[in-house]
>>> print(open('work-v7.tsv').read())   # TSV, C-alpha atoms and all ligand atoms
chain	number	residue	atom	x	y	z
A	1	MET	CA	-12.30	24.27	-2.61
A	2	ALA	CA	-14.53	23.40	-5.54
A	3	ASP	CA	-11.34	23.17	-7.55
A	4	VAL	CA	-9.87	20.58	-5.18
A	5	GLU	CA	-13.02	18.48	-5.48
A	6	ARG	CA	-12.88	18.69	-9.28
A	7	VAL	CA	-9.26	17.51	-9.42
A	8	LYS	CA	-10.00	14.75	-6.92
A	9	GLN	CA	-12.77	13.51	-9.19
A	10	GLN	CA	-10.27	13.55	-12.02
A	11	VAL	CA	-7.84	11.49	-9.90
A	12	ALA	CA	-10.58	8.94	-9.23
A	13	ASP	CA	-11.36	8.83	-12.94
A	14	GLU	CA	-7.69	8.16	-13.72
A	15	VAL	CA	-7.83	5.14	-11.37
A	16	GLU	CA	-11.04	3.94	-13.01
A	17	ARG	CA	-9.46	4.25	-16.47
A	18	ARG	CA	-6.72	1.87	-15.31
A	19	ALA	CA	-8.98	-0.61	-13.51
A	20	ASP	CA	-8.60	-3.41	-16.08
A	21	MET	CA	-4.83	-3.06	-16.18
A	22	LEU	CA	-4.59	-3.06	-12.38
A	23	VAL	CA	-6.84	-6.08	-12.04
A	24	GLU	CA	-4.86	-7.97	-14.64
A	25	ALA	CA	-1.62	-7.23	-12.77
A	26	SER	CA	-3.24	-8.28	-9.52
A	27	HIS	CA	-4.23	-11.61	-11.08
A	28	GLU	CA	-0.76	-12.15	-12.53
A	29	ILE	CA	0.84	-11.60	-9.13
A	30	HIS	CA	-1.75	-13.92	-7.61
A	31	SER	CA	-0.94	-16.67	-10.09
A	32	ARG	CA	2.79	-16.48	-9.31
A	33	PRO	CA	2.96	-16.39	-5.51
A	34	GLU	CA	6.43	-15.48	-4.24
A	35	LEU	CA	7.63	-15.81	-0.66
A	36	CYS	CA	9.32	-13.13	1.39
A	37	TYR	CA	12.36	-11.48	-0.20
A	38	GLU	CA	11.84	-13.53	-3.39
A	39	GLU	CA	9.19	-11.26	-4.93
A	40	ARG	CA	11.14	-10.59	-8.13
A	41	PHE	CA	8.23	-10.99	-10.52
A	42	ALA	CA	5.80	-8.87	-8.50
A	43	SER	CA	8.23	-6.05	-7.71
A	44	GLY	CA	9.41	-6.03	-11.33
A	45	LEU	CA	5.88	-5.87	-12.69
A	46	LEU	CA	4.81	-3.05	-10.36
A	47	ALA	CA	8.00	-1.06	-10.88
A	48	SER	CA	7.68	-1.28	-14.69
A	49	MET	CA	4.06	-0.26	-14.47
A	50	CYS	CA	4.97	2.81	-12.41
A	51	GLU	CA	7.78	3.65	-14.81
A	52	ALA	CA	5.46	3.40	-17.81
A	53	GLU	CA	3.06	5.76	-16.02
A	54	GLY	CA	5.76	8.39	-15.70
A	55	LEU	CA	7.03	7.86	-12.16
A	56	GLU	CA	10.72	7.81	-11.42
A	57	VAL	CA	11.61	4.34	-10.24
A	58	GLU	CA	14.43	3.18	-7.97
A	59	ARG	CA	14.84	-0.59	-7.91
A	60	PRO	CA	16.31	-2.31	-6.02
A	61	ALA	CA	15.89	0.16	-3.18
A	62	TYR	CA	17.58	0.74	0.15
A	63	GLY	CA	19.54	-2.49	0.04
A	64	LEU	CA	16.62	-4.80	-0.67
A	65	ASP	CA	16.51	-6.52	-4.06
A	66	THR	CA	12.74	-6.77	-4.15
A	67	ALA	CA	11.93	-3.33	-2.76
A	68	PHE	CA	11.29	-0.31	-4.99
A	69	VAL	CA	10.40	3.34	-4.68
A	70	ALA	CA	8.46	5.10	-7.46
A	71	ARG	CA	8.39	8.87	-7.13
A	72	ALA	CA	6.33	11.68	-8.65
A	73	GLY	CA	6.05	15.38	-7.89
A	74	ASP	CA	8.53	17.94	-6.63
A	75	GLY	CA	8.90	21.28	-4.94
A	76	GLU	CA	8.56	22.34	-1.35
A	77	GLY	CA	5.73	20.40	0.17
A	78	PRO	CA	4.96	17.20	2.02
A	79	THR	CA	5.99	13.70	0.94
A	80	VAL	CA	3.18	11.16	1.12
A	81	ALA	CA	4.01	7.47	0.86
A	82	VAL	CA	1.66	4.75	-0.35
A	83	LEU	CA	2.84	1.25	0.50
A	84	SER	CA	2.48	-1.86	-1.64
A	85	GLU	CA	2.94	-5.39	-0.30
A	86	TYR	CA	3.24	-8.38	-2.60
A	87	ASP	CA	4.66	-11.38	-0.75
A	88	ALA	CA	2.61	-14.57	-0.49
A	89	LEU	CA	2.25	-17.29	2.13
A	90	PRO	CA	3.93	-20.69	1.94
A	91	GLY	CA	1.58	-23.33	0.57
A	92	ILE	CA	-1.57	-21.20	0.35
A	93	GLY	CA	-0.43	-18.33	-1.85
A	94	HIS	CA	-2.11	-14.93	-1.68
A	95	ALA	CA	-4.35	-15.91	1.21
A	96	CYS	CA	-4.53	-12.42	2.64
A	97	GLY	CA	-4.73	-10.67	-0.69
A	98	HIS	CA	-1.35	-8.95	-1.00
A	99	ASN	CA	-1.93	-9.02	-4.77
A	100	VAL	CA	-4.72	-6.50	-4.11
A	101	ILE	CA	-2.57	-4.29	-1.85
A	102	ALA	CA	0.16	-4.37	-4.50
A	103	THR	CA	-1.87	-3.01	-7.39
A	104	ALA	CA	-3.95	-0.60	-5.29
A	105	GLY	CA	-0.68	1.15	-4.33
A	106	ALA	CA	0.66	1.22	-7.87
A	107	GLY	CA	-2.73	2.52	-9.08
A	108	VAL	CA	-2.44	5.51	-6.74
A	109	GLY	CA	0.96	6.43	-8.15
A	110	ALA	CA	-0.27	6.04	-11.73
A	111	ALA	CA	-3.39	8.16	-11.20
A	112	LEU	CA	-1.50	11.00	-9.52
A	113	ALA	CA	1.28	10.95	-12.11
A	114	ALA	CA	-1.43	11.28	-14.78
A	115	ILE	CA	-2.53	14.65	-13.39
A	116	LYS	CA	1.06	15.84	-12.88
A	117	SER	CA	0.42	19.35	-14.14
A	118	GLN	CA	-2.29	19.87	-11.51
A	119	LEU	CA	-0.39	18.23	-8.66
A	120	PRO	CA	0.24	20.63	-5.77
A	121	LYS	CA	3.82	21.00	-4.51
A	122	GLY	CA	5.10	17.91	-2.76
A	123	ARG	CA	5.83	14.32	-3.58
A	124	ILE	CA	4.13	10.97	-3.77
A	125	HIS	CA	6.25	7.88	-3.17
A	126	VAL	CA	4.88	4.46	-4.01
A	127	ILE	CA	7.00	2.15	-1.88
A	128	GLY	CA	7.18	-1.55	-2.68
A	129	THR	CA	7.77	-3.25	0.65
A	130	PRO	CA	8.80	-6.92	0.55
A	131	ALA	CA	8.38	-9.63	3.14
A	132	GLU	CA	5.49	-8.65	5.37
A	133	GLU	CA	4.69	-12.27	6.24
A	134	GLY	CA	7.46	-12.78	8.76
A	135	GLY	CA	10.51	-11.23	7.09
A	136	GLY	CA	9.99	-7.71	8.41
A	137	GLY	CA	10.83	-5.94	5.13
A	138	LYS	CA	9.52	-2.61	6.38
A	139	ILE	CA	11.72	-2.83	9.48
A	140	ARG	CA	14.81	-3.10	7.26
A	141	LEU	CA	13.58	-0.21	5.11
A	142	ILE	CA	13.06	1.95	8.21
A	143	LYS	CA	16.58	1.11	9.41
A	144	ALA	CA	17.97	1.96	5.97
A	145	GLY	CA	16.43	5.44	6.31
A	146	LEU	CA	13.68	5.15	3.72
A	147	PHE	CA	11.03	6.82	5.89
A	148	LYS	CA	13.22	9.72	7.02
A	149	ASP	CA	11.85	12.03	4.33
A	150	VAL	CA	8.27	10.72	4.44
A	151	ASP	CA	5.65	12.86	6.22
A	152	ALA	CA	2.67	10.53	6.11
A	153	ALA	CA	2.11	6.96	4.94
A	154	MET	CA	-0.87	4.85	4.02
A	155	MET	CA	-1.73	1.43	2.68
A	156	ILE	CA	-4.78	-0.80	2.68
A	157	HIS	CA	-5.23	-4.45	3.54
A	158	GLY	CA	-7.85	-6.85	2.24
A	159	PHE	CA	-10.30	-8.26	4.77
A	160	ASP	CA	-13.80	-9.70	5.00
A	161	ARG	CA	-15.21	-6.21	5.64
A	162	THR	CA	-14.21	-2.58	5.42
A	163	LEU	CA	-12.87	-1.06	8.64
A	164	LEU	CA	-11.14	2.30	8.89
A	165	HIS	CA	-8.78	1.16	11.61
A	166	GLN	CA	-7.95	-2.22	13.06
A	167	ASP	CA	-5.46	-2.48	15.90
A	168	LEU	CA	-2.39	-4.57	15.26
A	169	LEU	CA	-0.61	-6.26	18.12
A	170	GLY	CA	3.11	-5.81	18.56
A	171	ILE	CA	5.12	-8.96	19.10
A	172	ALA	CA	8.33	-9.34	21.06
A	173	ARG	CA	9.88	-12.79	21.28
A	174	ALA	CA	12.31	-14.25	23.78
A	175	THR	CA	14.26	-17.48	24.08
A	176	PHE	CA	15.15	-18.62	27.60
A	177	GLU	CA	18.05	-21.04	28.06
A	178	PHE	CA	18.50	-22.45	31.54
A	179	SER	CA	21.72	-24.13	32.58
A	180	GLY	CA	22.00	-26.49	35.54
A	181	LYS	CA	24.13	-29.49	36.43
A	182	ALA	CA	23.70	-33.11	35.31
A	183	SER	CA	23.62	-35.89	37.88
A	184	HIS	CA	22.13	-39.36	38.34
A	185	ALA	CA	18.44	-38.78	38.99
A	186	SER	CA	18.18	-41.59	41.54
A	187	ALA	CA	21.65	-42.25	42.96
A	188	ASP	CA	22.84	-38.64	43.27
A	189	PRO	CA	19.89	-36.25	42.67
A	190	TRP	CA	21.19	-33.81	45.32
A	191	GLU	CA	24.30	-33.29	43.21
A	192	GLY	CA	22.24	-32.02	40.29
A	193	ILE	CA	20.73	-28.65	39.37
A	194	ASN	CA	17.52	-29.17	37.42
A	195	ALA	CA	17.22	-26.85	34.42
A	196	LEU	CA	13.87	-28.35	33.42
A	197	ASP	CA	12.43	-27.30	36.79
A	198	ALA	CA	13.29	-23.72	35.94
A	199	CYS	CA	11.60	-24.10	32.55
A	200	VAL	CA	8.43	-25.59	34.00
A	201	GLN	CA	8.37	-22.94	36.72
A	202	THR	CA	8.65	-20.22	34.07
A	203	TYR	CA	5.75	-21.74	32.15
A	204	ASN	CA	3.62	-21.89	35.30
A	205	SER	CA	4.53	-18.38	36.39
A	206	VAL	CA	3.54	-17.04	32.96
A	207	ALA	CA	0.26	-18.98	33.19
A	208	MET	CA	-0.47	-17.21	36.48
A	209	LEU	CA	0.66	-13.86	35.14
A	210	ARG	CA	-1.82	-14.30	32.28
A	211	GLN	CA	-4.71	-13.92	34.76
A	212	GLN	CA	-3.57	-10.41	35.54
A	213	ILE	CA	-3.03	-9.06	32.04
A	214	ARG	CA	-5.43	-7.07	29.85
A	215	PRO	CA	-7.65	-9.14	27.58
A	216	ASP	CA	-6.17	-7.60	24.44
A	217	CYS	CA	-2.68	-8.89	25.27
A	218	ARG	CA	-1.44	-12.37	24.43
A	219	ILE	CA	1.39	-14.50	25.80
A	220	HIS	CA	2.08	-17.88	24.31
A	221	GLY	CA	5.07	-20.15	24.52
A	222	ILE	CA	6.51	-23.64	24.28
A	223	ILE	CA	9.28	-25.60	25.94
A	224	THR	CA	11.77	-26.39	23.19
A	225	SER	CA	14.07	-28.71	25.10
A	226	GLY	CA	13.75	-30.37	28.48
A	227	GLY	CA	16.55	-32.83	29.04
A	228	MET	CA	18.26	-35.84	27.47
A	229	ALA	CA	17.14	-38.85	29.51
A	230	ALA	CA	14.83	-39.46	32.44
A	231	ASN	CA	17.67	-40.77	34.63
A	232	ILE	CA	19.76	-37.64	34.22
A	233	ILE	CA	18.88	-34.41	36.00
A	234	PRO	CA	18.54	-32.04	32.98
A	235	GLU	CA	21.59	-29.79	32.77
A	236	SER	CA	19.96	-27.62	30.14
A	237	ALA	CA	16.43	-26.70	29.10
A	238	SER	CA	14.92	-23.96	26.98
A	239	ALA	CA	11.66	-22.25	26.10
A	240	ILE	CA	10.39	-19.63	23.65
A	241	PHE	CA	7.68	-17.10	24.50
A	242	TYR	CA	5.82	-14.59	22.31
A	243	VAL	CA	4.42	-11.50	23.99
A	244	ARG	CA	1.78	-9.45	22.14
A	245	ALA	CA	0.10	-6.19	23.08
A	246	PRO	CA	-1.73	-3.38	21.28
A	247	ARG	CA	0.62	-0.67	22.56
A	248	ILE	CA	4.37	-0.59	22.42
A	249	ASP	CA	4.80	0.44	26.06
A	250	THR	CA	2.47	-2.28	27.33
A	251	MET	CA	4.21	-4.80	25.08
A	252	TRP	CA	7.62	-4.04	26.60
A	253	GLU	CA	6.17	-3.87	30.10
A	254	LEU	CA	4.64	-7.29	29.62
A	255	TYR	CA	7.84	-8.58	28.02
A	256	ARG	CA	9.78	-7.53	31.12
A	257	ARG	CA	7.28	-9.33	33.38
A	258	VAL	CA	7.69	-12.52	31.34
A	259	VAL	CA	11.48	-12.22	31.58
A	260	ALA	CA	11.05	-11.71	35.33
A	261	CYS	CA	9.12	-15.01	35.48
A	262	ALA	CA	12.14	-16.74	33.92
A	263	GLU	CA	14.59	-14.94	36.20
A	264	GLY	CA	12.60	-15.88	39.30
A	265	ALA	CA	12.37	-19.49	38.14
A	266	ALA	CA	16.10	-19.66	37.45
A	267	LYS	CA	16.82	-18.29	40.91
A	268	ALA	CA	14.44	-20.76	42.56
A	269	ALA	CA	16.05	-23.70	40.76
A	270	GLY	CA	19.59	-22.37	41.19
A	271	CYS	CA	20.13	-22.30	37.42
A	272	GLY	CA	21.91	-19.95	35.09
A	273	LEU	CA	19.75	-18.11	32.57
A	274	THR	CA	20.46	-16.61	29.16
A	275	VAL	CA	17.71	-14.44	27.68
A	276	THR	CA	17.85	-13.83	23.93
A	277	GLN	CA	15.52	-11.20	22.58
A	278	HIS	CA	14.70	-11.91	18.92
A	279	ASP	CA	15.16	-9.12	16.43
A	280	SER	CA	12.55	-8.13	13.85
A	281	ILE	CA	9.99	-7.02	16.38
A	282	TYR	CA	6.63	-6.17	14.83
A	283	GLU	CA	5.35	-3.10	16.62
A	284	PRO	CA	1.71	-2.27	17.39
A	285	MET	CA	-0.29	-0.04	15.05
A	286	LYS	CA	-0.55	3.59	16.10
A	287	SER	CA	-3.54	5.32	14.56
A	288	SER	CA	-3.79	8.76	13.01
A	289	ARG	CA	-7.15	10.42	13.49
A	290	VAL	CA	-6.25	13.18	11.03
A	291	LEU	CA	-5.43	10.75	8.21
A	292	LEU	CA	-8.32	8.42	9.05
A	293	GLU	CA	-10.83	11.27	8.87
A	294	LEU	CA	-9.63	12.25	5.40
A	295	PHE	CA	-9.69	8.64	4.26
A	296	ALA	CA	-13.19	8.18	5.71
A	297	ALA	CA	-14.58	11.19	3.83
A	298	ASN	CA	-13.10	10.02	0.52
A	299	MET	CA	-14.09	6.41	1.12
A	300	THR	CA	-17.76	7.31	1.32
A	301	SER	CA	-17.55	9.22	-1.95
A	302	VAL	CA	-16.51	6.04	-3.80
A	303	GLY	CA	-19.14	3.87	-2.17
A	304	LEU	CA	-17.15	2.09	0.53
A	305	THR	CA	-18.97	1.72	3.84
A	306	GLU	CA	-17.63	0.54	7.13
A	307	GLY	CA	-18.65	-2.88	8.42
A	308	ALA	CA	-19.30	-4.02	11.98
A	309	ALA	CA	-16.30	-3.70	14.29
A	310	ILE	CA	-14.54	-6.89	15.37
A	311	PRO	CA	-12.02	-5.67	17.90
A	312	ASP	CA	-10.87	-9.12	19.01
A	313	ARG	CA	-9.54	-10.27	15.60
A	314	LYS	CA	-6.08	-8.81	15.73
A	315	GLY	CA	-2.98	-9.79	13.83
A	316	SER	CA	0.46	-8.27	13.59
A	317	SER	CA	2.28	-6.58	10.71
A	318	ASP	CA	5.44	-4.62	10.09
A	319	VAL	CA	3.30	-1.66	9.02
A	320	GLY	CA	2.97	-1.25	12.79
A	321	ASN	CA	6.67	-0.31	12.84
A	322	VAL	CA	6.07	2.28	10.12
A	323	SER	CA	3.22	3.75	12.19
A	324	GLN	CA	5.68	4.26	15.06
A	325	VAL	CA	7.98	6.47	12.99
A	326	VAL	CA	5.56	8.46	10.81
A	327	PRO	CA	1.77	9.05	10.85
A	328	THR	CA	0.39	5.95	9.10
A	329	ILE	CA	-2.95	4.32	8.40
A	330	GLN	CA	-3.91	0.89	7.14
A	331	PRO	CA	-7.66	0.68	6.59
A	332	MET	CA	-9.11	-2.78	5.99
A	333	ILE	CA	-11.02	-3.10	2.73
A	334	GLY	CA	-13.75	-5.69	2.20
A	335	ILE	CA	-12.61	-7.92	-0.67
A	336	ALA	CA	-14.28	-11.16	0.48
A	337	PRO	CA	-17.64	-12.19	1.94
A	338	GLU	CA	-18.16	-11.25	5.59
A	339	GLY	CA	-17.09	-13.96	7.98
A	340	MET	CA	-14.33	-15.35	5.76
A	341	ALA	CA	-11.09	-15.82	7.68
A	342	ILE	CA	-7.79	-14.63	6.25
A	343	HIS	CA	-4.88	-17.01	5.65
A	344	THR	CA	-7.31	-19.61	4.30
A	345	ARG	CA	-7.54	-21.19	0.86
A	346	ASP	CA	-11.01	-19.62	0.53
A	347	PHE	CA	-9.56	-16.16	1.01
A	348	ALA	CA	-6.86	-16.85	-1.56
A	349	GLU	CA	-9.60	-17.69	-4.09
A	350	ALA	CA	-11.61	-14.62	-3.12
A	351	ALA	CA	-8.60	-12.38	-3.81
A	352	ILE	CA	-9.20	-12.64	-7.58
A	353	LYS	CA	-13.01	-12.51	-7.60
A	354	PRO	CA	-15.13	-9.49	-8.62
A	355	MET	CA	-15.44	-8.34	-5.00
A	356	ALA	CA	-11.65	-8.06	-4.84
A	357	ARG	CA	-11.66	-5.96	-8.01
A	358	GLN	CA	-14.28	-3.64	-6.56
A	359	GLY	CA	-12.42	-3.30	-3.28
A	360	MET	CA	-9.05	-2.71	-4.95
A	361	VAL	CA	-10.34	-0.04	-7.31
A	362	ALA	CA	-12.30	1.75	-4.57
A	363	ALA	CA	-9.30	1.60	-2.22
A	364	ALA	CA	-6.94	2.98	-4.87
A	365	LYS	CA	-9.33	5.86	-5.55
A	366	THR	CA	-9.67	6.61	-1.84
A	367	MET	CA	-5.91	6.57	-1.25
A	368	ALA	CA	-5.26	8.71	-4.34
A	369	MET	CA	-7.83	11.30	-3.25
A	370	THR	CA	-6.49	11.28	0.31
A	371	THR	CA	-2.95	11.79	-0.98
A	372	TYR	CA	-4.20	14.68	-3.08
A	373	ASP	CA	-5.91	16.21	-0.03
A	374	LEU	CA	-2.65	16.05	1.91
A	375	LEU	CA	-0.63	17.66	-0.88
A	376	ALA	CA	-3.27	20.32	-1.49
A	377	ASP	CA	-3.39	21.30	2.18
A	378	PRO	CA	-0.02	20.70	3.91
A	379	GLY	CA	-1.65	21.99	7.11
A	380	ARG	CA	-3.28	18.57	7.38
A	381	VAL	CA	0.09	16.85	7.21
A	382	GLU	CA	1.27	19.24	9.91
A	383	ALA	CA	-1.79	18.34	12.00
A	384	ALA	CA	-1.08	14.63	11.51
A	385	ARG	CA	2.52	15.10	12.62
A	386	GLU	CA	1.39	17.13	15.62
A	387	GLU	CA	-1.06	14.43	16.63
A	388	PHE	CA	1.64	11.80	16.11
A	389	ALA	CA	4.09	13.66	18.36
A	390	HIS	CA	1.58	13.93	21.18
A	391	ASP	CA	0.09	10.46	21.00
A	392	ARG	CA	2.25	8.07	22.96
B	1	ZN	ZN	-1.10	-12.25	6.00
B	2	ZN	ZN	-1.38	-9.52	4.90
>>> encode(input="work-v7.tsv", output="structure tokens", more="lines below")
Ligand SMILES: [Zn+2]
Ligand SMILES: [Zn+2]
Amino acid sequence: MADVERVKQQVADEVERRADMLVEASHEIHSRPELCYEERFASGLLASMCEAEGLEVERPAYGLDTAFVARAGDGEGPTVAVLSEYDALPGIGHACGHNVIATAGAGVGAALAAIKSQLPKGRIHVIGTPAEEGGGGKIRLIKAGLFKDVDAAMMIHGFDRTLLHQDLLGIARATFEFSGKASHASADPWEGINALDACVQTYNSVAMLRQQIRPDCRIHGIITSGGMAANIIPESASAIFYVRAPRIDTMWELYRRVVACAEGAAKAAGCGLTVTQHDSIYEPMKSSRVLLELFAANMTSVGLTEGAAIPDRKGSSDVGNVSQVVPTIQPMIGIAPEGMAIHTRDFAEAAIKPMARQGMVAAAKTMAMTTYDLLADPGRVEAAREEFAHDR
């Protein structure tokens, strides 16, 4: 046991030794913000860094030009994945600090590759995952089979405070197209079938449904078309609704109830209805108590402390999808002053300040030590998988 702690300290020291290099890379990525699936500079920089540190790099990976996988370790044993994100937001750049996530992940791979001779059996995969901000890069990587041989995954996300676990809402989206029959709205209204009526009725039914849903769910929508002229009964009308919930089963249950609102409205108005479910569904975040406990223990040893919980500030991310196929955690790391909102210009500025450096280095150390724990004691990976299988 004492031996494990000694090597873990060594792993943390290897991260510390690379702190300047990691921070510099983080700033370079920050200064060249790239949108989803265009992250050529960032993925190239991180992949070369991993290669120089002795990891085996595959790039492009699994059909995505700006994805990469950097691998170290071998032998019978678990495979632990550490995920890096590096896409930016349109107009406001790295306003949720993906530059920090990017280099924290690469730092983990570098530190573990540096102690190769002492690495227990098993593998570490640093996975560069493009297009979190809307493109669903991780969903494509899951479909391509990238996570099939991964036993546990982790990443961190920058925030205004450190939180071990923050729920993510799943989102399912639907477009409703109602078809009716055009007719003169004054001379022959009884000849028409009003598609806009069905749209408005859907909107109102959803508004009523909203009273009966749990407070952590969200439904929001707009009417995207509602007719051509006021003197024509609208022959077509359409609406889009987003349905969000913290659990995948409640998300689909709620989605079905929203679709039922549209179906009922179409029936009432005598309209036809086409429902189109959008692909790239971001799934809710499942948690892993086993992985979180390990992370928590290591986090304290590098001086990270948890901030006050804020359960109502929930976003969505495609790491949620990863958490549905393999035990996964995404702790939030404080890299900006408390109270600062993400996706703001202030947060983009904060992502290259000293606090961001501190958070990134501490997060990389914590992830590297947690990865080491998992490789050193595969029973923990087994426990995480067991918990995963039983937690629906
Ligand atoms: Zn974001
Ligand atoms: Zn983000």
>>> residues_near_ligand(input="work-v7.tsv", ligand="ligand ZN 1 (chain B)", cutoff="10 Å", atoms="all atoms listed in the file", output="list in words")
Asp87, Ala88, Leu89, Gly93, His94, Ala95, Cys96, Gly97, His98, Glu132, Glu133, Gly134, His157, Gly158, Gly315, Ser316, Ser317, Ile342, His343 and Thr344 of chain A
>>> atom_distance(input="work-v7.tsv", atom1="CA of Lys314 (chain A)", atom2="CA of Gln166 (chain A)")
7.4 Å
>>> residues_around(input="work-v7.tsv", residues="Ala266 (chain A)", least_positions_apart="5", cutoff="12 Å", atoms="only C-alpha atoms", output="PyMOL selection string")
chain A and resi 176-180+193-203+205+236-238+259-261+271-275
>>> closest_residue(input="work-v7.tsv", among="A:Gln9, A:Ser186, A:Thr66, A:Asn99", to="Cys36 (chain A)", atoms="all atoms listed in the file")
A:Thr66
>>> closest_residue(input="work-v7.tsv", among="A:Ala265, A:Ala245, A:Ala131, A:Val57", to="ligand ZN 2 (chain B)", atoms="all atoms listed in the file")
A:Ala131
>>> atom_distance(input="work-v7.tsv", atom1="CA of Gln277 (chain A)", atom2="CA of Ala144 (chain A)")
21.3 Å
>>> closest_residue(input="work-v7.tsv", among="A:Glu14, A:Glu283, A:Asp318, A:Glu56", to="ligand ZN 2 (chain B)", atoms="all atoms listed in the file")
A:Asp318
>>> build_atoms(input="work-v7.tsv", residues="region 195-209 of chain A", atoms="N, CA and C atoms", output="compact mmCIF listing (two decimals), in the frame of the given file")
# COMPACT_ATOMS: atom_id res chain seq x y z
N ALA A 195 17.57 -27.95 35.34
CA ALA A 195 17.22 -26.85 34.42
C ALA A 195 15.77 -26.96 33.94
N LEU A 196 15.26 -28.18 33.84
CA LEU A 196 13.87 -28.35 33.42
C LEU A 196 12.91 -27.77 34.47
N ASP A 197 13.26 -27.90 35.74
CA ASP A 197 12.43 -27.30 36.79
C ASP A 197 12.25 -25.80 36.55
N ALA A 198 13.35 -25.17 36.18
CA ALA A 198 13.29 -23.72 35.94
C ALA A 198 12.37 -23.41 34.76
N CYS A 199 12.43 -24.27 33.75
CA CYS A 199 11.60 -24.10 32.55
C CYS A 199 10.11 -24.25 32.89
N VAL A 200 9.82 -25.32 33.62
CA VAL A 200 8.43 -25.59 34.00
C VAL A 200 7.91 -24.47 34.91
N GLN A 201 8.78 -24.02 35.81
CA GLN A 201 8.37 -22.94 36.72
C GLN A 201 8.10 -21.66 35.94
N THR A 202 8.89 -21.40 34.91
CA THR A 202 8.65 -20.22 34.07
C THR A 202 7.28 -20.34 33.41
N TYR A 203 7.03 -21.51 32.85
CA TYR A 203 5.75 -21.74 32.15
C TYR A 203 4.58 -21.50 33.09
N ASN A 204 4.70 -22.04 34.31
CA ASN A 204 3.62 -21.89 35.30
C ASN A 204 3.48 -20.45 35.76
N SER A 205 4.60 -19.78 35.95
CA SER A 205 4.53 -18.38 36.39
C SER A 205 3.86 -17.52 35.32
N VAL A 206 4.17 -17.79 34.05
CA VAL A 206 3.54 -17.04 32.96
C VAL A 206 2.04 -17.34 32.92
N ALA A 207 1.69 -18.61 33.17
CA ALA A 207 0.26 -18.98 33.19
C ALA A 207 -0.48 -18.20 34.27
N MET A 208 0.16 -17.99 35.41
CA MET A 208 -0.47 -17.21 36.48
C MET A 208 -0.50 -15.73 36.14
N LEU A 209 0.59 -15.26 35.56
CA LEU A 209 0.66 -13.86 35.14
C LEU A 209 -0.48 -13.54 34.16
